[in-house]
Amino acid sequence: MKTLDLKDIENILFEVFCVKKFPKKIEELKYEDFKEWDSLGNFNLLLAIEEFYSVRFTMDEIINIRSVEELLCSLKNKLK
Amino acid sequence: MQLVLSGSSFLLPKNKSWNSLEKKFKLEFCDYGNWSGALINSKVEDAISVILFLDDLIDHKNKSEDEIKLLLESFINLLVNRLSKSKSPILVFFSSCDNNHLFIKARKITKNNKINQWLMKKLADLAEKFLCLYFFDIDKIFSEFGLENALDQRNWYMARSRFSAKGIELIANVIERILNRYKFPPSKMLLLDCDNTIWGGVVGEDGLKGIKLGQDGLGQAFVDFQLVLKKLSREGLLLAIVSKNNEFEVLDVFEKHNSMVLKKKDIVSFKVDWNEKFYNIKRIANEINIGLDSLAFWDDNPIERDKVKNMLPEVYTIDVPSDVFQWPKYLENLDCFSKFSTTKEDLRKTEQYRSRAEFIKESSVVTDEHSYLKSIGLIASTIELDESNISRAVQLCSKTNQFNLRTVRHSSEDLYSISKRNKDFCFLIKLSDKYGDHGIVGLVCLREINPETIFIDTFLLSCRILGRHLETWMLYKAIIRAKNNNYKYLVGEFIDNNRNIIAKNFFIEHGFQLIKNLPDNFIYNNINNNFYIMPTTQTNLNFLDIYEDTRP
């Protein structure tokens, strides 16, 4: 199982949102901080995270995870 | 190329599974739910994908088979409408979502399955008529990976997408493979190693009886590999042997080993010696007269593969799986050898190229070209375009690069419309001589510019019969037809395609004059200033006497 590394998350964010840079530090980013992170973007991000870490989010998680911080928190539990 | 996609459910635009496709094509997604949108809203030149799930048709479970068919009929009508207007590729994906219980499926063909078969049949009938239509059963595409992994119920309820990220990736991959063929033509020849490639073991060490071929296990895998090679060869792929070995030992296997599927006559050229392979590959390309980029190379030895990759990057060196048991299936599924359809000419390719190799051997012996060509019984004839030869005509347009004056890639519709204007304006050329019946090898299309002048729109001949002055005979036939239709001048153009250098001096050599000042209203672009003109009275051409029908 993969371990949690902020660098991996950053790479996935770049790949999913196809942007050159983010408006603030990776760990502070959240939903609607930039136009690509909309509701569809959020969904696509979670699918990419699922694939990378071989995990699966529940329906609640898909609805509630809206920031890198919440994402990290949820992943920490799943990768334990 | 732009690709417009629409689906009966949400296709998750911007998902990273689309990325690899997005790098090659501009993707445009129609609004969710507008599943036939791509057929209506796209431009004529756009490629289209429509992705349909039976489950997305509202309330289909309570509808009768006929009611559902009626719904799908309207989709088919839109499809036909689009196909009659555009030649750009259309890919239709369908899933019948057959979730009926095992007990039901065990006792009868379900409604879902019936509808699936009915739709696939309809699409297959259309695809026969329209070459740009491709159709797929989504469930079959997913079966290799598992429907469970490619579809995702959670995504359906959360985002109205039937697919998982993996599912999108699989669909995108199919689209990419089909559209790639529009950019890259299939390989024409496969170069094969011998030891541990078409048989197991090393013939020089293990001997004829010691090699693994035909026995249970590995020996059977090599036989199956050869069976696939034989099948591809029958479909028009040329095979050649490039092996570091003693020639007599390799030929011994071909002649004496009972389990050899491939026979000597299946191989266009043997290069069995101790030279480096890239050197022999170049020799074969010259001999057969095909470009290096039309060649593929299969060798079990990664070192040999790397050498060819480095020395001849144009040649497609196949990354061979290390597990021989995978080879037959792997070979059969390689895109580079596969074609959308096989023509009658394809079926006789090997024989024709072998006779070309013989022709070259003999012609290098005889010194006087003219009397030699007179002696080989050349018979050429023109044939009018019709249903039986249209696919060959389109194939010639799409594949001929060397002796091709303008390299216009005509579709069947284009060619029909030219010959409809005047049946004299479009003709194919058939050739035979003592080396064999070469079949249909050339195409000429003419277009009127004004009542006095006719333009050579297309003039091409297959490279395997070069050296017989057939181009002169074809020009003569074009002049005669132009004259019979009361045209006074023939105008031609040479467009450089990087590979047709052989045709560059065609006009000058046949007595055309370069046109210095084109009339203002000339219908063709004059960027290169490569237009030539000749009066149709000029029928005195060299080498016509080598052909029976134009002998004085």
# chains A, B, ... in the order shown; residues from 1 in each chain; ligands from 1

call {"tool": "residues_around", "arguments": {"residues": "Ile62 (chain A)", "least_positions_apart": "5", "cutoff": "8 Å", "atoms": "only C-alpha atoms", "output": "NGL selection string"}}
result
:A and (43 or 46 or 57)

call {"tool": "residues_around", "arguments": {"residues": "Gly41 (chain A)", "least_positions_apart": "3", "cutoff": "8 Å", "atoms": "only C-alpha atoms", "output": "PyMOL selection string"}}
result
(chain A and resi 16-17+36-38+44-45) or (chain B and resi 14-15)

call {"tool": "atom_distance", "arguments": {"atom1": "CA of Ser17 (chain B)", "atom2": "CA of Ala165 (chain B)"}}
result
6.1 Å

call {"tool": "residues_around", "arguments": {"residues": "Phe337 (chain B)", "least_positions_apart": "6", "cutoff": "8 Å", "atoms": "only C-alpha atoms", "output": "PyMOL selection string"}}
result
chain B and resi 186-188+232+237

call {"tool": "write_last_selection", "arguments": {"atoms": "C-alpha atoms", "output": "PDB file, in the first residue's frame"}}
result
ATOM      1  CA  PRO B 186      -0.686  -0.170 -41.682  1.00  0.00           C
ATOM      2  CA  SER B 187       2.778  -1.737 -41.983  1.00  0.00           C
ATOM      3  CA  LYS B 188       3.247  -3.507 -45.287  1.00  0.00           C
ATOM      4  CA  LEU B 232      -1.788 -12.023 -41.873  1.00  0.00           C
ATOM      5  CA  LEU B 237       1.065  -8.568 -45.124  1.00  0.00           C
TER       6      LEU B 237
END

call {"tool": "residues_around", "arguments": {"residues": "region 8-14 of chain A", "least_positions_apart": "6", "cutoff": "8 Å", "atoms": "only C-alpha atoms", "output": "MDAnalysis selection string"}}
result
chainID A and resid 20:21 26 45 48:49

call {"tool": "write_last_selection", "arguments": {"atoms": "N, CA and C atoms", "output": "PDB file, in the first residue's frame"}}
result
ATOM      1  N   LYS A  20      -1.118  25.502 -14.405  1.00  0.00           N
ATOM      2  CA  LYS A  20       0.342  25.637 -14.261  1.00  0.00           C
ATOM      3  C   LYS A  20       0.733  25.880 -12.805  1.00  0.00           C
ATOM      4  N   LYS A  21      -0.054  26.730 -12.105  1.00  0.00           N
ATOM      5  CA  LYS A  21       0.232  26.903 -10.676  1.00  0.00           C
ATOM      6  C   LYS A  21      -1.054  27.168  -9.887  1.00  0.00           C
ATOM      7  N   ILE A  26      -0.314  24.064  -1.361  1.00  0.00           N
ATOM      8  CA  ILE A  26      -1.098  22.866  -1.674  1.00  0.00           C
ATOM      9  C   ILE A  26      -2.005  22.466  -0.499  1.00  0.00           C
ATOM     10  N   LEU A  45     -11.230  14.645  -9.223  1.00  0.00           N
ATOM     11  CA  LEU A  45     -10.076  14.577  -8.323  1.00  0.00           C
ATOM     12  C   LEU A  45     -10.169  13.337  -7.437  1.00  0.00           C
ATOM     13  N   ALA A  48      -9.390  10.196  -9.253  1.00  0.00           N
ATOM     14  CA  ALA A  48      -7.948  10.047  -9.507  1.00  0.00           C
ATOM     15  C   ALA A  48      -7.225   9.602  -8.234  1.00  0.00           C
ATOM     16  N   ILE A  49      -7.632  10.165  -7.090  1.00  0.00           N
ATOM     17  CA  ILE A  49      -7.034   9.764  -5.807  1.00  0.00           C
ATOM     18  C   ILE A  49      -7.322   8.280  -5.527  1.00  0.00           C
TER      19      ILE A  49
END

call {"tool": "select_by_dssp", "arguments": {"residues": "region 439-539 of chain B", "states": "strand (DSSP E)", "output": "JSON, numbers by chain"}}
result
{"B": [439, 440, 441, 442, 443, 444, 445, 446, 447, 448, 449, 450, 453, 454, 455, 456, 457, 458, 459, 460, 461, 489, 490, 491, 492, 493, 513, 514, 531, 532, 533, 534, 535]}

call {"tool": "write_last_selection", "arguments": {"atoms": "C-alpha atoms", "output": "mmCIF file, in the first residue's frame"}}
result
data_model
loop_
_atom_site.group_PDB
_atom_site.id
_atom_site.type_symbol
_atom_site.label_atom_id
_atom_site.label_comp_id
_atom_site.auth_asym_id
_atom_site.auth_seq_id
_atom_site.Cartn_x
_atom_site.Cartn_y
_atom_site.Cartn_z
ATOM 1 C CA GLY B 439 -3.913 -7.068 -60.930
ATOM 2 C CA ILE B 440 -5.063 -3.477 -60.641
ATOM 3 C CA VAL B 441 -1.985 -1.295 -60.286
ATOM 4 C CA GLY B 442 -2.853 2.207 -61.441
ATOM 5 C CA LEU B 443 -5.480 4.916 -61.443
ATOM 6 C CA VAL B 444 -6.042 8.012 -63.560
ATOM 7 C CA CYS B 445 -8.651 10.735 -62.889
ATOM 8 C CA LEU B 446 -9.236 13.717 -65.152
ATOM 9 C CA ARG B 447 -11.197 16.919 -64.612
ATOM 10 C CA GLU B 448 -12.307 19.514 -67.086
ATOM 11 C CA ILE B 449 -10.845 23.005 -66.518
ATOM 12 C CA ASN B 450 -12.443 24.607 -69.551
ATOM 13 C CA THR B 453 -8.380 21.881 -71.391
ATOM 14 C CA ILE B 454 -8.429 18.853 -69.186
ATOM 15 C CA PHE B 455 -6.501 18.488 -65.916
ATOM 16 C CA ILE B 456 -4.780 15.389 -64.559
ATOM 17 C CA ASP B 457 -6.325 15.235 -61.100
ATOM 18 C CA THR B 458 -4.901 11.847 -60.154
ATOM 19 C CA PHE B 459 -2.206 9.766 -61.781
ATOM 20 C CA LEU B 460 -0.648 7.012 -59.741
ATOM 21 C CA LEU B 461 0.792 3.557 -60.038
ATOM 22 C CA TYR B 489 -4.714 20.475 -74.017
ATOM 23 C CA LEU B 490 -3.727 18.282 -71.119
ATOM 24 C CA VAL B 491 -2.556 20.074 -67.964
ATOM 25 C CA GLY B 492 -0.764 18.330 -65.125
ATOM 26 C CA GLU B 493 0.684 19.200 -61.760
ATOM 27 C CA GLN B 513 6.037 22.312 -71.055
ATOM 28 C CA LEU B 514 6.174 24.158 -67.735
ATOM 29 C CA PHE B 531 1.986 23.056 -63.656
ATOM 30 C CA TYR B 532 2.726 21.575 -67.060
ATOM 31 C CA ILE B 533 0.851 21.569 -70.373
ATOM 32 C CA MET B 534 0.834 19.490 -73.527
ATOM 33 C CA PRO B 535 -1.346 19.484 -76.651
#

call {"tool": "closest_residue", "arguments": {"among": "B:Asp206, B:Glu144, B:Glu169, B:Asp386", "to": "chain A", "atoms": "only C-alpha atoms"}}
result
B:Glu169

call {"tool": "closest_atom_pairs", "arguments": {"of": "chain B", "to": "chain A", "cutoff": "10 Å", "atoms": "only C-alpha atoms", "output": "Markdown table"}}
result
| residue | atom | partner | partner_atom | distance |
| --- | --- | --- | --- | --- |
| B:Leu12 | CA | A:Leu40 | CA | 7.5 |
| B:Pro13 | CA | A:Leu40 | CA | 8.3 |
| B:Lys14 | CA | A:Val16 | CA | 7.5 |
| B:Asn15 | CA | A:Asn44 | CA | 5.3 |
| B:Lys16 | CA | A:Val16 | CA | 5.6 |
| B:Ser17 | CA | A:Ala48 | CA | 8.8 |
| B:Asn19 | CA | A:Glu15 | CA | 8.8 |
| B:Arg154 | CA | A:Met59 | CA | 7.3 |
| B:Asn155 | CA | A:Phe43 | CA | 9.1 |
| B:Tyr157 | CA | A:Met59 | CA | 9.1 |
| B:Met158 | CA | A:Met59 | CA | 7.4 |
| B:Ala159 | CA | A:Phe43 | CA | 7.9 |
| B:Ser164 | CA | A:Leu47 | CA | 8.1 |
| B:Ala165 | CA | A:Leu47 | CA | 6.6 |
| B:Lys166 | CA | A:Glu51 | CA | 8.6 |

call {"tool": "write_last_selection", "arguments": {"atoms": "C-alpha atoms", "output": "mmCIF file, in the first residue's frame"}}
result
data_model
loop_
_atom_site.group_PDB
_atom_site.id
_atom_site.type_symbol
_atom_site.label_atom_id
_atom_site.label_comp_id
_atom_site.auth_asym_id
_atom_site.auth_seq_id
_atom_site.Cartn_x
_atom_site.Cartn_y
_atom_site.Cartn_z
ATOM 1 C CA LEU B 12 -17.104 13.063 -17.064
ATOM 2 C CA PRO B 13 -15.318 15.574 -19.275
ATOM 3 C CA LYS B 14 -11.895 16.642 -17.937
ATOM 4 C CA ASN B 15 -11.460 13.345 -16.131
ATOM 5 C CA LYS B 16 -7.820 12.424 -16.433
ATOM 6 C CA SER B 17 -8.736 9.162 -18.179
ATOM 7 C CA ASN B 19 -6.038 12.960 -21.084
ATOM 8 C CA ARG B 154 -21.724 4.822 -7.171
ATOM 9 C CA ASN B 155 -20.584 7.118 -9.980
ATOM 10 C CA TYR B 157 -25.856 7.869 -8.485
ATOM 11 C CA MET B 158 -23.308 10.544 -7.556
ATOM 12 C CA ALA B 159 -22.519 11.982 -10.962
ATOM 13 C CA SER B 164 -15.473 4.113 -13.567
ATOM 14 C CA ALA B 165 -12.258 5.984 -14.373
ATOM 15 C CA LYS B 166 -10.957 2.696 -15.785
#
